[in-house]
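Below is the file start22.txt, which contains compact mmCIF, C-alpha atoms and all ligand atoms.
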```txt
# COMPACT_ATOMS: atom_id res chain seq x y z
CA MET A 1470 66.90 -145.84 51.04
CA SER A 1471 64.84 -147.41 53.80
CA LYS A 1472 62.39 -149.93 52.28
CA ALA A 1473 59.60 -149.04 54.69
CA THR A 1474 59.49 -145.26 54.23
CA ASN A 1475 61.74 -144.36 51.30
CA THR A 1476 63.69 -142.18 53.72
CA ARG A 1477 67.09 -141.23 52.37
CA ARG A 1478 69.78 -141.45 55.02
CA ILE A 1479 71.81 -138.26 55.54
CA THR A 1480 75.39 -138.79 54.38
CA LEU A 1481 78.62 -137.27 55.62
CA THR A 1482 78.87 -135.58 52.23
CA ASP A 1483 75.52 -133.85 52.91
CA LEU A 1484 76.98 -132.61 56.19
CA VAL A 1485 80.18 -131.37 54.55
CA ASP A 1486 77.95 -129.23 52.32
CA ARG A 1487 76.36 -127.73 55.44
CA LYS A 1488 79.63 -125.99 56.42
CA GLY A 1489 78.78 -122.41 57.39
CA GLN A 1490 75.02 -122.98 57.02
CA ASP A 1491 72.35 -124.04 59.54
CA PRO A 1492 73.91 -125.83 62.51
CA ILE A 1493 74.33 -129.62 62.36
CA VAL A 1494 72.52 -131.33 65.24
CA CYS A 1495 74.33 -134.37 66.65
CA LEU A 1496 73.75 -136.66 69.63
CA THR A 1497 75.12 -139.95 70.84
CA ALA A 1498 73.13 -143.18 70.98
CA TYR A 1499 74.23 -146.61 72.16
CA THR A 1500 70.96 -148.55 71.87
CA THR A 1501 68.10 -149.17 69.47
CA SER A 1502 65.56 -147.51 71.78
CA ILE A 1503 67.44 -144.20 72.09
CA SER A 1504 68.32 -144.29 68.41
CA ARG A 1505 64.60 -144.64 67.52
CA LEU A 1506 63.72 -141.68 69.73
CA ILE A 1507 66.32 -139.28 68.38
CA ASP A 1508 66.59 -140.32 64.70
CA ASP A 1509 63.95 -137.89 63.39
CA HIS A 1510 65.43 -134.92 65.21
CA VAL A 1511 69.17 -135.10 64.59
CA ASP A 1512 71.43 -135.02 61.54
CA LEU A 1513 74.11 -137.28 62.96
CA ILE A 1514 74.10 -140.04 65.58
CA LEU A 1515 77.45 -140.95 67.11
CA VAL A 1516 77.83 -144.36 68.69
CA GLY A 1517 80.41 -142.92 71.07
CA ASP A 1518 82.94 -144.91 73.04
CA SER A 1519 81.64 -142.82 75.98
CA LEU A 1520 79.33 -145.85 76.28
CA GLY A 1521 82.12 -147.43 78.35
CA MET A 1522 81.55 -144.85 81.06
CA VAL A 1523 77.84 -144.14 80.58
CA LEU A 1524 76.52 -147.70 80.11
CA TYR A 1525 79.23 -149.90 81.60
CA GLY A 1526 80.40 -147.77 84.55
CA MET A 1527 84.05 -147.69 83.46
CA ASP A 1528 86.14 -144.77 84.77
CA SER A 1529 87.39 -143.89 81.28
CA THR A 1530 86.81 -144.98 77.68
CA LEU A 1531 90.02 -146.99 77.56
CA GLY A 1532 88.45 -150.40 78.25
CA VAL A 1533 86.03 -150.27 75.33
CA THR A 1534 86.60 -152.88 72.59
CA VAL A 1535 85.86 -153.13 68.88
CA ASP A 1536 83.34 -155.92 69.61
CA MET A 1537 81.45 -153.65 72.02
CA MET A 1538 81.32 -150.86 69.43
CA ILE A 1539 80.07 -153.28 66.78
CA ALA A 1540 77.32 -154.67 69.03
CA HIS A 1541 76.08 -151.19 69.96
CA GLY A 1542 76.57 -149.90 66.40
CA LYS A 1543 74.29 -152.65 65.07
CA GLY A 1544 71.66 -151.79 67.68
CA VAL A 1545 71.75 -148.10 66.81
CA MET A 1546 71.51 -148.83 63.09
CA ARG A 1547 68.40 -150.96 63.74
CA GLY A 1548 66.72 -147.95 65.37
CA SER A 1549 67.68 -145.34 62.78
CA GLU A 1550 66.81 -144.77 59.16
CA LYS A 1551 67.40 -141.06 58.62
CA ALA A 1552 70.43 -139.86 60.55
CA CYS A 1553 74.05 -140.30 59.48
CA VAL A 1554 75.39 -142.91 61.94
CA ILE A 1555 79.08 -142.75 62.87
CA VAL A 1556 80.77 -145.31 65.11
CA ASP A 1557 83.70 -144.43 67.38
CA MET A 1558 86.89 -146.47 67.06
CA PRO A 1559 87.99 -147.47 70.55
CA PHE A 1560 91.41 -146.96 72.13
CA GLY A 1561 94.05 -149.33 70.73
CA SER A 1562 92.13 -150.23 67.58
CA TYR A 1563 93.65 -147.74 65.10
CA GLU A 1564 96.72 -145.91 66.47
CA GLU A 1565 99.44 -148.46 65.66
CA SER A 1566 99.39 -148.28 61.86
CA PRO A 1567 97.16 -147.30 58.94
CA GLU A 1568 96.83 -151.00 58.07
CA MET A 1569 95.65 -151.92 61.54
CA ALA A 1570 93.20 -149.01 61.45
CA PHE A 1571 91.87 -150.18 58.08
CA ARG A 1572 91.35 -153.73 59.33
CA ASN A 1573 89.34 -152.59 62.36
CA CYS A 1574 87.47 -149.71 60.67
CA SER A 1575 86.45 -151.85 57.69
CA ARG A 1576 85.16 -154.52 60.09
CA VAL A 1577 83.12 -151.90 61.99
CA MET A 1578 81.67 -150.53 58.76
CA ALA A 1579 80.92 -153.94 57.23
CA GLU A 1580 79.30 -155.39 60.36
CA THR A 1581 77.31 -152.33 61.50
CA ARG A 1582 76.60 -150.75 58.07
CA CYS A 1583 77.30 -147.34 59.60
CA SER A 1584 78.20 -144.32 57.44
CA GLY A 1585 81.70 -143.74 58.79
CA VAL A 1586 83.98 -143.94 61.80
CA LYS A 1587 85.37 -141.42 64.26
CA LEU A 1588 88.87 -141.51 65.67
CA GLU A 1589 90.76 -139.28 68.04
CA GLY A 1590 93.97 -137.43 67.26
CA GLY A 1591 95.46 -134.70 65.09
CA VAL A 1592 98.77 -134.42 63.27
CA GLU A 1593 99.83 -137.92 64.37
CA MET A 1594 96.69 -139.50 62.86
CA ALA A 1595 96.76 -137.62 59.54
CA GLU A 1596 98.54 -140.37 57.64
CA THR A 1597 96.05 -142.97 58.91
CA ILE A 1598 93.05 -140.78 58.05
CA SER A 1599 94.36 -140.28 54.52
CA PHE A 1600 94.94 -144.05 54.17
CA LEU A 1601 91.38 -144.82 55.32
CA VAL A 1602 89.67 -142.13 53.24
CA LYS A 1603 91.50 -143.21 50.07
CA ARG A 1604 90.19 -146.73 50.70
CA GLY A 1605 86.55 -145.71 51.06
CA ILE A 1606 86.21 -145.22 54.81
CA PRO A 1607 84.71 -141.82 55.69
CA VAL A 1608 86.33 -140.44 58.83
CA VAL A 1609 85.23 -137.92 61.43
CA ALA A 1610 88.24 -136.69 63.42
CA HIS A 1611 88.27 -135.55 67.06
CA VAL A 1612 90.71 -132.93 68.43
CA GLY A 1613 91.17 -130.87 71.60
CA LEU A 1614 90.13 -132.80 74.72
CA THR A 1615 90.37 -136.32 73.37
CA PRO A 1616 89.09 -138.62 76.15
CA GLN A 1617 91.26 -141.60 75.12
CA SER A 1618 94.28 -139.46 76.14
CA VAL A 1619 92.86 -138.75 79.61
CA HIS A 1620 95.98 -140.08 81.34
CA ALA A 1621 98.33 -138.06 79.13
CA PHE A 1622 96.26 -134.93 79.93
CA GLY A 1623 96.21 -135.71 83.67
CA GLY A 1624 92.39 -135.79 83.74
CA PHE A 1625 89.42 -134.52 81.73
CA LYS A 1626 90.73 -130.95 81.44
CA SER A 1627 89.89 -128.25 78.91
CA GLN A 1628 92.62 -127.78 76.32
CA GLY A 1629 94.30 -124.97 74.39
CA LYS A 1630 94.84 -122.62 77.32
CA THR A 1631 98.28 -121.34 76.28
CA ASP A 1632 99.13 -119.83 72.89
CA GLU A 1633 101.40 -122.78 72.19
CA ALA A 1634 98.72 -125.34 73.10
CA ALA A 1635 96.16 -123.47 71.00
CA GLU A 1636 98.50 -123.46 67.98
CA ARG A 1637 98.99 -127.23 68.37
CA ILE A 1638 95.23 -127.83 68.30
CA VAL A 1639 94.80 -125.60 65.23
CA ALA A 1640 97.62 -127.57 63.54
CA ASP A 1641 95.83 -130.82 64.51
CA ALA A 1642 92.54 -129.64 63.01
CA LYS A 1643 94.23 -128.49 59.80
CA ALA A 1644 96.19 -131.75 59.47
CA VAL A 1645 93.12 -133.99 59.79
CA ALA A 1646 91.06 -131.78 57.46
CA GLU A 1647 93.83 -131.87 54.84
CA ALA A 1648 94.06 -135.65 55.30
CA GLY A 1649 90.43 -135.96 54.22
CA ALA A 1650 88.35 -136.02 57.43
CA SER A 1651 84.72 -135.18 56.60
CA ALA A 1652 84.11 -133.35 59.87
CA ILE A 1653 85.97 -132.65 63.09
CA VAL A 1654 84.67 -132.96 66.64
CA VAL A 1655 86.29 -130.16 68.65
CA GLU A 1656 86.00 -130.93 72.36
CA GLY A 1657 86.76 -128.99 75.52
CA VAL A 1658 88.71 -126.05 74.11
CA MET A 1659 88.78 -122.33 74.89
CA GLU A 1660 85.85 -120.71 73.06
CA PRO A 1661 87.89 -118.40 70.77
CA LEU A 1662 89.84 -121.45 69.62
CA GLY A 1663 86.58 -123.16 68.58
CA VAL A 1664 85.75 -120.06 66.51
CA ARG A 1665 89.22 -119.92 64.96
CA ILE A 1666 89.26 -123.60 63.95
CA THR A 1667 85.76 -123.25 62.46
CA GLU A 1668 86.92 -120.26 60.40
CA GLU A 1669 90.22 -121.75 59.30
CA ILE A 1670 89.23 -125.21 58.11
CA ASN A 1671 86.91 -126.09 55.24
CA VAL A 1672 85.04 -129.04 56.79
CA PRO A 1673 82.34 -128.77 59.48
CA THR A 1674 83.37 -128.49 63.11
CA ILE A 1675 81.13 -130.27 65.62
CA GLY A 1676 81.57 -128.61 68.98
CA ILE A 1677 81.26 -130.10 72.46
CA GLY A 1678 82.48 -127.56 74.98
CA ALA A 1679 83.91 -125.54 72.08
CA SER A 1680 81.84 -122.63 70.70
CA PRO A 1681 78.32 -121.76 69.53
CA GLN A 1682 80.04 -120.71 66.29
CA CYS A 1683 80.96 -124.31 65.43
CA ASP A 1684 79.15 -125.73 62.40
CA GLY A 1685 77.32 -128.21 64.65
CA GLN A 1686 77.00 -129.32 68.25
CA ILE A 1687 77.06 -132.73 69.92
CA LEU A 1688 76.21 -133.92 73.43
CA VAL A 1689 76.00 -137.32 75.07
CA THR A 1690 72.24 -138.01 75.14
CA GLU A 1691 72.35 -139.43 78.68
CA ASP A 1692 73.93 -136.14 79.81
CA LEU A 1693 71.23 -133.99 78.27
CA ILE A 1694 68.35 -136.11 79.62
CA GLY A 1695 69.90 -136.33 83.10
CA LEU A 1696 70.63 -140.03 83.07
CA PHE A 1697 74.35 -139.90 83.76
CA ALA A 1698 74.93 -138.36 87.14
CA GLU A 1699 78.54 -139.51 87.74
CA PHE A 1700 79.93 -136.17 86.66
CA LYS A 1701 78.65 -133.15 84.77
CA PRO A 1702 81.19 -131.32 82.62
CA LYS A 1703 80.73 -127.52 82.35
CA PHE A 1704 79.61 -127.90 78.71
CA VAL A 1705 76.64 -130.14 79.53
CA LYS A 1706 73.16 -128.64 79.72
CA ARG A 1707 70.45 -130.87 81.20
CA TYR A 1708 67.18 -130.61 79.27
CA ALA A 1709 65.45 -133.20 81.50
CA GLN A 1710 65.98 -135.03 84.80
CA MET A 1711 65.26 -138.60 83.77
CA ASP A 1712 67.12 -139.93 86.81
CA GLU A 1713 64.46 -138.37 89.08
CA MET A 1714 61.65 -139.70 86.84
CA ILE A 1715 63.06 -143.23 86.99
CA THR A 1716 63.50 -143.12 90.76
CA THR A 1717 59.91 -141.87 91.20
CA ALA A 1718 58.59 -144.63 88.91
CA VAL A 1719 60.56 -147.37 90.69
CA ILE A 1720 59.40 -146.19 94.13
CA GLY A 1721 55.79 -146.12 92.85
CA TYR A 1722 56.16 -149.70 91.63
CA LYS A 1723 57.78 -150.86 94.88
CA ASP A 1724 55.00 -149.26 96.98
CA GLU A 1725 52.21 -150.83 94.87
CA VAL A 1726 53.82 -154.29 94.92
CA ARG A 1727 54.13 -154.11 98.72
CA ALA A 1728 50.49 -152.89 98.99
CA ARG A 1729 49.29 -155.61 96.54
CA THR A 1730 47.68 -152.91 94.38
CA PHE A 1731 49.87 -153.95 91.44
CA PRO A 1732 49.05 -155.90 89.40
CA ALA A 1733 45.48 -154.58 89.23
CA PRO A 1734 42.64 -156.63 87.62
CA GLU A 1735 43.36 -155.04 84.23
CA HIS A 1736 46.89 -156.42 84.33
CA CYS A 1737 45.73 -160.01 85.07
CA PHE A 1738 44.43 -162.79 82.80
CA GLY A 1739 41.02 -164.27 83.86
CA PHE A 1740 40.88 -162.26 87.12
CA LYS A 1741 38.06 -163.68 89.33
CA GLY A 1742 38.01 -161.11 92.15
CA ASP A 1743 39.34 -161.27 95.69
CA LYS A 1744 40.41 -164.67 97.02
O1 LIG A 1801 82.42 -140.86 72.84
C1 LIG A 1801 81.68 -139.89 72.67
O2 LIG A 1801 80.50 -139.89 73.05
C2 LIG A 1801 82.24 -138.72 72.00
C3 LIG A 1801 81.43 -137.48 71.97
C4 LIG A 1801 81.25 -136.92 73.32
C5 LIG A 1801 81.97 -136.48 71.03
O3 LIG A 1801 83.31 -138.78 71.51
```

Represent the structure from my file as structure tokens, please.
Ligand code: KIV
Amino acid sequence: MSKATNTRRITLTDLVDRKGQDPIVCLTAYTTSISRLIDDHVDLILVGDSLGMVLYGMDSTLGVTVDMMIAHGKGVMRGSEKACVIVDMPFGSYEESPEMAFRNCSRVMAETRCSGVKLEGGVEMAETISFLVKRGIPVVAHVGLTPQSVHAFGGFKSQGKTDEAAERIVADAKAVAEAGASAIVVEGVMEPLGVRITEEINVPTIGIGASPQCDGQILVTEDLIGLFAEFKPKFVKRYAQMDEMITTAVIGYKDEVRARTFPAPEHCFGFKGDK
């Protein structure tokens, strides 16, 4: 419970119970300020490793570190008291062994106080997910277009286009659900596959470029507010053009500084008129 407001934070267990009910609303946040703005309106906040690309200008998520995720996770937790906050495990921090995953995931949970972690992968990560869950670490899995495998995929390409590829993704989703994942992000797959996975597994699916039939949806907040112009995947809908608003504001400031109309008297201490 938050001391200030007695707000009870949404748990992953609450979200598991929402399977097949009203859609679960999820967004990413990397900072306290965005977290504060979205906390009242979403069920789940993901501190996504997409921050490497969106905030740090990296060309993929591969350069993100555990320390970066912890720093941003702490910031997001400071801004949120209602939403379930999940922190992404970055590339190289969990794949090698269940023990290595436990060391890094437990550090992320202890230092950020988040509600769980997310990691990418299907069948090959099932053993690790089971190991973590049995030791008290709630896990959200991520299948389909998993950005940490961008080089193996040959780019950010939608997945599950052949029958064989679709069957592999269904097997991935089933394996991580059976291993104990509380929810599964399904990214960048053919729409009927998003429907099929949602119907065939018993934990919520959180779609991003998957299907409106998923149990929830997630987007990168900077994508939906128009603050990440580098590229726009087909599944992104822009609900605002913040990039244009920022440019307009900065040009307004520049013009007023050059014209000496900013700062105005009301922005000055002890202003005595024109000199
Ligand atoms: O890193 C991220 O932001 C994500 C979401 C897009 C699902 O994994």

Handout entry: Residues within 6 Å of ligand LIG 1801 (chain A), counting all atoms listed in the file, as JSON, numbers by chain
Key = {"A": [1497, 1517, 1518, 1519, 1688, 1689]}

Exercise for the section: Go ahead and compute the interatomic distance for CA of Ala1635 (chain A) and CA of Lys1706 (chain A), in Å to one decimal. Expected result: 25.1 Å

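Considering all atoms listed in the file, the residue among A:Ile1606, A:Val1654, A:Val1672, A:Leu1588 positioned nearest to Leu1496 (chain A) is A:Val1654.
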
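The residue set within 8 Å of Glu1596 (chain A), counting only C-alpha atoms and dropping same-chain residues fewer than 4 places from it, reads Pro1567, Phe1600 and Ala1648 of chain A.
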
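All protein, DNA and RNA residues at most 6 Å from (86.2, -131.2, 71.0) are Val1612, Gly1613, Leu1614, Val1654, Val1655, Glu1656, Gly1657, Gly1676 and Ile1677 of chain A, using only C-alpha atoms.
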
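When the distance limit is 9 Å and only C-alpha atoms are what count, the residues near Val1545 (chain A), minus those fewer than 3 positions from it on the same chain, are Ala1498, Tyr1499, Thr1500, Thr1501, Ser1502, Ile1503, Ser1504, Arg1505, Ile1514, Val1516, Ala1540, His1541, Gly1542, Gly1548, Ser1549, Val1554 and Thr1581 of chain A.
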
Exercise for the section: Give me the residues within 12 Å of Leu1481 (chain A) as a PyMOL selection string, counting only C-alpha atoms and dropping any in the same chain fewer than 3 places off. Expected result: chain A and resi 1478+1484-1488+1493+1512-1514+1552-1555+1583-1587+1606-1609+1649-1653+1672-1673

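The space between CA of Asp1491 (chain A) and CA of Gly1663 (chain A) spans 16.9 Å.
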
Problem - Of the listed residues A:Val1535, A:Thr1530, A:Phe1738, A:Arg1547, that which approaches Phe1625 (chain A) most closely, counting all atoms listed in the file - result: A:Thr1530

Problem - Val1658 (chain A) surroundings by only C-alpha atoms, 12 Å radius, close-in-sequence under 3 positions cut, as a PyMOL selection string - result: chain A and resi 1611-1615+1625-1631+1634-1639+1654-1655+1661-1666+1676-1680+1683+1703-1704

Return region 1677-1688 of chain A, completed with all heavy atoms, as a PDB file, in the frame of the given file.
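In the end it all went to selection.pdb:
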```
ATOM      1  N   ILE A1677      81.772-129.625  71.159  1.00  0.00           N
ATOM      2  CA  ILE A1677      81.260-130.100  72.460  1.00  0.00           C
ATOM      3  C   ILE A1677      82.178-129.405  73.467  1.00  0.00           C
ATOM      4  O   ILE A1677      83.355-129.727  73.571  1.00  0.00           O
ATOM      5  CB  ILE A1677      81.247-131.645  72.575  1.00  0.00           C
ATOM      6  CG1 ILE A1677      80.901-132.068  74.009  1.00  0.00           C
ATOM      7  CG2 ILE A1677      82.507-132.322  72.078  1.00  0.00           C
ATOM      8  CD1 ILE A1677      80.448-133.527  74.154  1.00  0.00           C
ATOM      9  N   GLY A1678      81.622-128.388  74.129  1.00  0.00           N
ATOM     10  CA  GLY A1678      82.480-127.560  74.980  1.00  0.00           C
ATOM     11  C   GLY A1678      83.462-126.796  74.122  1.00  0.00           C
ATOM     12  O   GLY A1678      84.624-126.645  74.491  1.00  0.00           O
ATOM     13  N   ALA A1679      83.017-126.289  72.980  1.00  0.00           N
ATOM     14  CA  ALA A1679      83.910-125.540  72.080  1.00  0.00           C
ATOM     15  C   ALA A1679      83.333-124.131  71.876  1.00  0.00           C
ATOM     16  O   ALA A1679      83.743-123.204  72.580  1.00  0.00           O
ATOM     17  CB  ALA A1679      84.095-126.277  70.777  1.00  0.00           C
ATOM     18  N   SER A1680      82.384-123.969  70.961  1.00  0.00           N
ATOM     19  CA  SER A1680      81.840-122.630  70.700  1.00  0.00           C
ATOM     20  C   SER A1680      80.482-122.744  70.017  1.00  0.00           C
ATOM     21  O   SER A1680      80.275-123.648  69.194  1.00  0.00           O
ATOM     22  CB  SER A1680      82.782-121.863  69.767  1.00  0.00           C
ATOM     23  OG  SER A1680      82.155-120.688  69.293  1.00  0.00           O
ATOM     24  N   PRO A1681      79.588-121.782  70.283  1.00  0.00           N
ATOM     25  CA  PRO A1681      78.320-121.760  69.530  1.00  0.00           C
ATOM     26  C   PRO A1681      78.542-121.490  68.043  1.00  0.00           C
ATOM     27  O   PRO A1681      77.649-121.702  67.220  1.00  0.00           O
ATOM     28  CB  PRO A1681      77.513-120.624  70.184  1.00  0.00           C
ATOM     29  CG  PRO A1681      78.431-119.899  71.085  1.00  0.00           C
ATOM     30  CD  PRO A1681      79.645-120.734  71.318  1.00  0.00           C
ATOM     31  N   GLN A1682      79.743-120.990  67.699  1.00  0.00           N
ATOM     32  CA  GLN A1682      80.040-120.710  66.290  1.00  0.00           C
ATOM     33  C   GLN A1682      80.449-121.946  65.498  1.00  0.00           C
ATOM     34  O   GLN A1682      80.630-121.871  64.278  1.00  0.00           O
ATOM     35  CB  GLN A1682      81.164-119.668  66.175  1.00  0.00           C
ATOM     36  CG  GLN A1682      80.849-118.328  66.811  1.00  0.00           C
ATOM     37  CD  GLN A1682      79.514-117.784  66.352  1.00  0.00           C
ATOM     38  OE1 GLN A1682      79.207-117.804  65.156  1.00  0.00           O
ATOM     39  NE2 GLN A1682      78.698-117.331  67.290  1.00  0.00           N
ATOM     40  N   CYS A1683      80.615-123.084  66.174  1.00  0.00           N
ATOM     41  CA  CYS A1683      80.960-124.310  65.430  1.00  0.00           C
ATOM     42  C   CYS A1683      79.837-124.615  64.433  1.00  0.00           C
ATOM     43  O   CYS A1683      78.700-124.167  64.608  1.00  0.00           O
ATOM     44  CB  CYS A1683      81.131-125.486  66.391  1.00  0.00           C
ATOM     45  SG  CYS A1683      82.655-125.397  67.356  1.00  0.00           S
ATOM     46  N   ASP A1684      80.156-125.415  63.434  1.00  0.00           N
ATOM     47  CA  ASP A1684      79.150-125.730  62.400  1.00  0.00           C
ATOM     48  C   ASP A1684      78.068-126.665  62.915  1.00  0.00           C
ATOM     49  O   ASP A1684      77.021-126.807  62.292  1.00  0.00           O
ATOM     50  CB  ASP A1684      79.844-126.359  61.186  1.00  0.00           C
ATOM     51  CG  ASP A1684      80.851-125.411  60.572  1.00  0.00           C
ATOM     52  OD1 ASP A1684      80.420-124.356  60.077  1.00  0.00           O
ATOM     53  OD2 ASP A1684      82.058-125.698  60.618  1.00  0.00           O
ATOM     54  N   GLY A1685      78.330-127.346  64.031  1.00  0.00           N
ATOM     55  CA  GLY A1685      77.320-128.210  64.650  1.00  0.00           C
ATOM     56  C   GLY A1685      77.651-128.383  66.114  1.00  0.00           C
ATOM     57  O   GLY A1685      78.693-127.903  66.596  1.00  0.00           O
ATOM     58  N   GLN A1686      76.770-129.046  66.831  1.00  0.00           N
ATOM     59  CA  GLN A1686      77.000-129.320  68.250  1.00  0.00           C
ATOM     60  C   GLN A1686      76.678-130.786  68.508  1.00  0.00           C
ATOM     61  O   GLN A1686      75.800-131.363  67.857  1.00  0.00           O
ATOM     62  CB  GLN A1686      76.085-128.460  69.144  1.00  0.00           C
ATOM     63  CG  GLN A1686      76.269-126.957  68.970  1.00  0.00           C
ATOM     64  CD  GLN A1686      77.630-126.445  69.439  1.00  0.00           C
ATOM     65  OE1 GLN A1686      78.252-126.998  70.361  1.00  0.00           O
ATOM     66  NE2 GLN A1686      78.117-125.390  68.794  1.00  0.00           N
ATOM     67  N   ILE A1687      77.381-131.363  69.487  1.00  0.00           N
ATOM     68  CA  ILE A1687      77.060-132.730  69.920  1.00  0.00           C
ATOM     69  C   ILE A1687      77.068-132.788  71.438  1.00  0.00           C
ATOM     70  O   ILE A1687      77.840-132.061  72.090  1.00  0.00           O
ATOM     71  CB  ILE A1687      78.054-133.765  69.327  1.00  0.00           C
ATOM     72  CG1 ILE A1687      77.599-135.189  69.681  1.00  0.00           C
ATOM     73  CG2 ILE A1687      79.493-133.537  69.784  1.00  0.00           C
ATOM     74  CD1 ILE A1687      78.240-136.270  68.808  1.00  0.00           C
ATOM     75  N   LEU A1688      76.184-133.602  71.999  1.00  0.00           N
ATOM     76  CA  LEU A1688      76.210-133.920  73.430  1.00  0.00           C
ATOM     77  C   LEU A1688      75.962-135.414  73.582  1.00  0.00           C
ATOM     78  O   LEU A1688      75.395-136.053  72.686  1.00  0.00           O
ATOM     79  CB  LEU A1688      75.116-133.168  74.188  1.00  0.00           C
ATOM     80  CG  LEU A1688      75.368-131.699  74.571  1.00  0.00           C
ATOM     81  CD1 LEU A1688      74.145-131.137  75.300  1.00  0.00           C
ATOM     82  CD2 LEU A1688      76.620-131.518  75.423  1.00  0.00           C
TER      83      LEU A1688
END
```
